[in-house]
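Beneath this line is the structure, given in structure tokens, with notes to follow.
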Amino acid sequence: MSSKLLIKNIKSLVQVREAGILKVSGKDMKDLPCIENAWLAVDQGLIADYGSMDDFPGIEDWKGLEIIDAEGKLVLPCYADSHTHIVYAGNREGEFVDRINGLSYEEIFARGGGILNSAKRLNEASEDDLFEQAMGRLREVIGQGTGSIEIKSGYGLSVESELKMLRVIKRVKDLNLLPVKATFLGAHALPIAYKNNKAGYIRLITDEMLPAIAAEKLADYIDVFCEQNYFSYEETKDILEAGKKHGLIPKVHAEQMSHFGGIKAGVECGAISVDHLEYCNEDDIALLKNASTMPTVLPGAAFFLSLPLPPARQMIDAGLAIAFASDFNPGSCPSGNMNFMMSLGCVQYKLTPEEVINACTINSAYAMQLSHEVGSITIGKKANFFITKAISSYGFIPYSFGSNLIESVFLNGIRQ
């Protein structure tokens, strides 16, 4: 296959940015730079150049050139999904029915469901089986336009099983198919063996898990579920600081089921992102305005669990950047479809198509420190993009929430 690719007659080349723009905030999220009637050139897996068909270059010096005619179609950078849990065993569809019948997330957890259910299944699964299941989910989301992804541990809850999860993530990363970031989430829940000894489990995380993870270089980030009945503000800070000593950058599951101090803990520890945010308040927004932390909304989880909606509109209007991610996991969002997340952003959160595209590309790339290499159409970035079917505009993507409008996905300039 040729390493040189030229796409011509693009109806609209979307999210075209100059190098150096790593995120967009506030009112700037309403801007989405595009080139109409455009061309895009790819060389050696990178975006080489682009422009208007009115200034179409000569291509005589391009040998072995593959040319795609995209007349009537749009080209967008692939989505960056900065929060997933795609390494897991089996599913939790039984709990889906339990919730339909009136049980809450907390009630399901209290009777051994939720995260503990996934931990039991994962402990019984082999590394090879987990890898095959994860690759099936990864291929699915790539087909839906995702071109970079973060994957968390957190269903192991023991030294052996957390390492097993992180080794699976490393196998996925080592394929070099797309940029992958690994997050250690040992502080996802309290395992049954430590039900009455939370301090002992935290010591297990800080004294045994973290040194083993650092020795094998298995993670980029450390995350904590800061929530009542899980980990407190103080415990969250202690665990994040322990992770930082091993070179891991903090993230936080924050303010999902209640207001519990996760945003404050994340900002104080220099987190790259704080995620969920259903119970984010005005004080939290003020904290985030003075921080480099990316507030990340997970629309699928709030939708699936019927939770209050995070104040995404209020955050943008206050001048913040926000990112969107899927939270693809077996319990609270069994979907990694970022097209659907954008539809939820427009319908439920009253964001514009421009804002949700920025939230799912450049800003979500920032939330995993990848916006220097993905998240926009920029010369020198990875050629991770997709071509739509023939559609009227980019606004048609969130508008037609149940349709698959992606014709082909390219990673490193190669059609998937």
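By order in the structure tokens, chains are A, B, ...; within a chain, residues start at 1; ligands start at 1, following the order shown.
Within region 278-341 of chain A, the backbone-based DSSP assignment of strand (DSSP E) covers Met294, Pro295, Thr296, Val297, Ala323 and Phe324 of chain A.
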Please tabulate, as a tab-separated table, the residues of region 166-219 of chain A that come within 10 Å of region 367-370 of chain A, each with its closest pair of atoms and the distance in Å to one decimal, counting only C-alpha atoms and ordering rows by chain, then residue number upward.
```
residue	atom	partner	partner_atom	distance
A:Pro179	CA	A:Leu370	CA	8.0
A:Val180	CA	A:Met368	CA	9.1
A:Lys181	CA	A:Met368	CA	7.0
A:Ala182	CA	A:Met368	CA	9.5
A:Thr183	CA	A:Met368	CA	10.0
```
Suppose we keep C-alpha atoms; can you now write the selection as a compact mmCIF listing (two decimals), in the first residue's frame?
```
# COMPACT_ATOMS: atom_id res chain seq x y z
CA PRO A 179 -2.11 6.19 20.34
CA VAL A 180 -3.07 4.42 23.59
CA LYS A 181 -2.68 5.79 27.12
CA ALA A 182 -2.78 3.47 30.15
CA THR A 183 -4.27 4.46 33.50
```
| message | Residues near Lys245 (chain A), anyone? I mean within 10 Å using only C-alpha atoms, not counting same-chain ones fewer than 2 positions away, as a PyMOL selection string. | response | chain A and resi 206+210-211+214+240-243+247-249
| said: List as number ranges by chain the protein and nucleic acid residues near Lys27 (chain A), meaning an atom at most 8 Å away when only C-alpha atoms are counted, but skip any in the same chain fewer than 5 places from it. | reply: A: 316-317, 319
| field | Near-Ala312 (chain A) list (9 Å; only C-alpha atoms; drop same-chain fewer than 2 positions) as a ChimeraX atom specification | value | /A:277,297,309-310,314-317,322,345,349-351
| request: Using only C-alpha atoms, determine which residues lie at most 12 Å from Gly136 (chain A), disregarding the query and same-chain residues fewer than 6 positions distant; provide the list as a ChimeraX atom specification. | output: /A:86-89,129-130,142-143,172,336
| message | With only C-alpha atoms as the counted atoms, please give the residues lying no more than 12 Å from Val274 (chain A), apart from itself and same-chain residues fewer than 4 positions off, as a PyMOL selection string. | response | chain A and resi 82-83+222-226+249-256+261-270+278+280+284-285+287-288+291-298+322-325+364+367-368
Could you turn the residues from that selection into a file that holds C-alpha atoms, as a PDB file, in the first residue's frame?
```pdb
ATOM      1  CA  SER A  82      -9.858   9.980  26.885  1.00  0.00           C
ATOM      2  CA  HIS A  83     -11.782   7.771  29.343  1.00  0.00           C
ATOM      3  CA  ILE A 222      -3.144   7.161  38.118  1.00  0.00           C
ATOM      4  CA  ASP A 223      -6.861   7.538  38.776  1.00  0.00           C
ATOM      5  CA  VAL A 224      -9.100   7.324  41.863  1.00  0.00           C
ATOM      6  CA  PHE A 225     -12.885   6.980  42.219  1.00  0.00           C
ATOM      7  CA  CYS A 226     -13.465   9.815  44.687  1.00  0.00           C
ATOM      8  CA  ILE A 249       0.090  11.823  36.287  1.00  0.00           C
ATOM      9  CA  PRO A 250      -3.224  12.130  38.183  1.00  0.00           C
ATOM     10  CA  LYS A 251      -6.759  11.792  36.852  1.00  0.00           C
ATOM     11  CA  VAL A 252      -9.911  11.613  39.006  1.00  0.00           C
ATOM     12  CA  HIS A 253     -13.395  10.097  38.766  1.00  0.00           C
ATOM     13  CA  ALA A 254     -15.035  13.151  40.323  1.00  0.00           C
ATOM     14  CA  GLU A 255     -18.494  14.259  41.526  1.00  0.00           C
ATOM     15  CA  GLN A 256     -20.418  11.458  39.767  1.00  0.00           C
ATOM     16  CA  GLY A 261     -14.327  16.777  46.608  1.00  0.00           C
ATOM     17  CA  GLY A 262     -12.891  14.968  43.596  1.00  0.00           C
ATOM     18  CA  ILE A 263     -12.447  18.096  41.480  1.00  0.00           C
ATOM     19  CA  LYS A 264     -10.704  19.893  44.338  1.00  0.00           C
ATOM     20  CA  ALA A 265      -8.416  16.893  44.935  1.00  0.00           C
ATOM     21  CA  GLY A 266      -7.609  16.678  41.230  1.00  0.00           C
ATOM     22  CA  VAL A 267      -6.798  20.353  40.827  1.00  0.00           C
ATOM     23  CA  GLU A 268      -4.675  20.379  43.976  1.00  0.00           C
ATOM     24  CA  CYS A 269      -2.705  17.352  42.749  1.00  0.00           C
ATOM     25  CA  GLY A 270      -2.209  18.723  39.221  1.00  0.00           C
ATOM     26  CA  GLU A 278     -22.524  15.377  37.436  1.00  0.00           C
ATOM     27  CA  CYS A 280     -19.876  19.918  39.754  1.00  0.00           C
ATOM     28  CA  ASP A 284     -15.546  23.785  41.322  1.00  0.00           C
ATOM     29  CA  ILE A 285     -15.872  25.850  38.137  1.00  0.00           C
ATOM     30  CA  LEU A 287     -11.199  26.174  40.808  1.00  0.00           C
ATOM     31  CA  LEU A 288     -10.984  24.829  37.255  1.00  0.00           C
ATOM     32  CA  ALA A 291      -6.046  25.208  36.575  1.00  0.00           C
ATOM     33  CA  SER A 292      -4.668  23.339  33.578  1.00  0.00           C
ATOM     34  CA  THR A 293      -6.941  20.378  34.442  1.00  0.00           C
ATOM     35  CA  MET A 294      -9.420  19.416  31.686  1.00  0.00           C
ATOM     36  CA  PRO A 295     -12.997  18.903  32.915  1.00  0.00           C
ATOM     37  CA  THR A 296     -14.261  15.835  31.065  1.00  0.00           C
ATOM     38  CA  VAL A 297     -17.931  15.005  30.644  1.00  0.00           C
ATOM     39  CA  LEU A 298     -19.015  11.395  30.038  1.00  0.00           C
ATOM     40  CA  ILE A 322     -14.420  20.823  28.305  1.00  0.00           C
ATOM     41  CA  ALA A 323     -13.743  17.414  26.804  1.00  0.00           C
ATOM     42  CA  PHE A 324     -16.136  14.579  26.060  1.00  0.00           C
ATOM     43  CA  ALA A 325     -15.245  10.900  26.406  1.00  0.00           C
ATOM     44  CA  SER A 364     -10.260  15.157  24.562  1.00  0.00           C
ATOM     45  CA  ALA A 367      -7.097  15.239  28.357  1.00  0.00           C
ATOM     46  CA  MET A 368      -4.594  12.479  27.595  1.00  0.00           C
TER      47      MET A 368
END
```
| message | Using Å and a single decimal, report how far CA of Val168 (chain A) sits from CA of Ser408 (chain A). | response |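 About the pair CA of Ser408 (chain A) and CA of Val168 (chain A): they are 27.2 Å apart.
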| What gap, in Å, lies between CA of Thr361 (chain A) and CA of Arg171 (chain A)? |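 Here the two named atoms are 24.5 Å from each other.
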| said: Measuring between only C-alpha atoms, which one of A:Ser371, A:Asn197, A:Thr236, A:Asn339 shows the shortest distance to Ser326 (chain A)? | reply: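 Comparing A:Ser371, A:Asn197, A:Thr236, A:Asn339 against Ser326 (chain A), the winner is A:Asn339.
Straight-line separation from CA of Tyr221 (chain A) to CA of Gly186 (chain A): 11.3 Å.
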| task | Between A:Lys237, A:His372, A:His246, A:Lys382, single out the one closest to Leu177 (chain A), counting only C-alpha atoms. | result |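 Closest to Leu177 (chain A), using only C-alpha atoms: A:Lys382.
Using only C-alpha atoms, the shortest contact distance between Val347 (chain A) and any of A:Gly380, A:Pro299, A:Gly94, A:Gly147 is found at A:Pro299.
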| task | Assign secondary structure with DSSP using the backbone only, and return the residues of region 169-260 of chain A in alpha helix (DSSP H) as number ranges by chain. | result | A: 169-174, 198-204, 210-216, 233-245
Output C-alpha atoms for every residue in that selection, as a JSON list (two decimals), in the first residue's frame.
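New file again03.json:
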```json
[["chain", "number", "residue", "atom", "x", "y", "z"],
["A", 169, "ILE", "CA", -3.33, -2.58, 27.83],
["A", 170, "LYS", "CA", 0.40, -2.59, 27.06],
["A", 171, "ARG", "CA", -0.15, -5.32, 24.45],
["A", 172, "VAL", "CA", -2.78, -3.13, 22.81],
["A", 173, "LYS", "CA", -0.46, -0.12, 22.97],
["A", 174, "ASP", "CA", 2.48, -2.06, 21.52],
["A", 198, "LYS", "CA", -9.68, 0.27, 53.63],
["A", 199, "ALA", "CA", -6.37, 1.56, 55.05],
["A", 200, "GLY", "CA", -4.83, -1.83, 54.34],
["A", 201, "TYR", "CA", -6.02, -1.77, 50.72],
["A", 202, "ILE", "CA", -4.67, 1.74, 50.22],
["A", 203, "ARG", "CA", -1.30, 0.51, 51.56],
["A", 204, "LEU", "CA", -1.50, -2.36, 49.06],
["A", 210, "LEU", "CA", 2.62, 1.15, 42.37],
["A", 211, "PRO", "CA", 6.23, -0.09, 42.64],
["A", 212, "ALA", "CA", 5.38, -3.15, 40.49],
["A", 213, "ILE", "CA", 3.64, -0.99, 37.87],
["A", 214, "ALA", "CA", 6.55, 1.44, 37.78],
["A", 215, "ALA", "CA", 9.07, -1.39, 37.44],
["A", 216, "GLU", "CA", 7.34, -2.64, 34.28],
["A", 233, "TYR", "CA", -11.03, 13.51, 49.24],
["A", 234, "GLU", "CA", -8.12, 12.92, 51.65],
["A", 235, "GLU", "CA", -7.59, 9.31, 50.52],
["A", 236, "THR", "CA", -7.78, 10.40, 46.89],
["A", 237, "LYS", "CA", -5.03, 12.97, 47.41],
["A", 238, "ASP", "CA", -2.83, 10.47, 49.27],
["A", 239, "ILE", "CA", -3.16, 7.88, 46.47],
["A", 240, "LEU", "CA", -2.58, 10.44, 43.70],
["A", 241, "GLU", "CA", 0.51, 11.81, 45.43],
["A", 242, "ALA", "CA", 1.86, 8.28, 45.84],
["A", 243, "GLY", "CA", 1.35, 7.73, 42.13],
["A", 244, "LYS", "CA", 3.16, 10.96, 41.27],
["A", 245, "LYS", "CA", 6.22, 9.67, 43.16]]
```
Proximity of region 190-219 of chain A to region 148-156 of chain A: per-residue shortest pair, 12 Å limit, only C-alpha atoms, as a Markdown table:
```
| residue | atom | partner | partner_atom | distance |
| --- | --- | --- | --- | --- |
| A:Leu190 | CA | A:Gly154 | CA | 10.4 |
| A:Pro191 | CA | A:Gly156 | CA | 8.9 |
| A:Ile192 | CA | A:Gly156 | CA | 11.7 |
| A:Ile205 | CA | A:Gly154 | CA | 11.3 |
| A:Met209 | CA | A:Gly156 | CA | 11.1 |
| A:Ile213 | CA | A:Ser153 | CA | 11.4 |
| A:Leu218 | CA | A:Ser153 | CA | 10.4 |
| A:Ala219 | CA | A:Lys152 | CA | 9.0 |
```
Each residue of region 338-392 of chain A lying at most 8 Å from region 40-58 of chain A should get a row with its shortest atom-to-atom pair and the distance in Å to one decimal, counting only C-alpha atoms; could you produce that, ordered by chain and increasing number, as a tab-separated table?
```
residue	atom	partner	partner_atom	distance
A:Ile377	CA	A:Ile47	CA	7.3
A:Thr378	CA	A:Ile47	CA	6.6
A:Ile379	CA	A:Ile47	CA	5.0
A:Gly380	CA	A:Ile47	CA	5.4
A:Lys381	CA	A:Leu46	CA	5.6
A:Lys382	CA	A:Leu46	CA	4.5
A:Ala383	CA	A:Leu46	CA	4.7
```
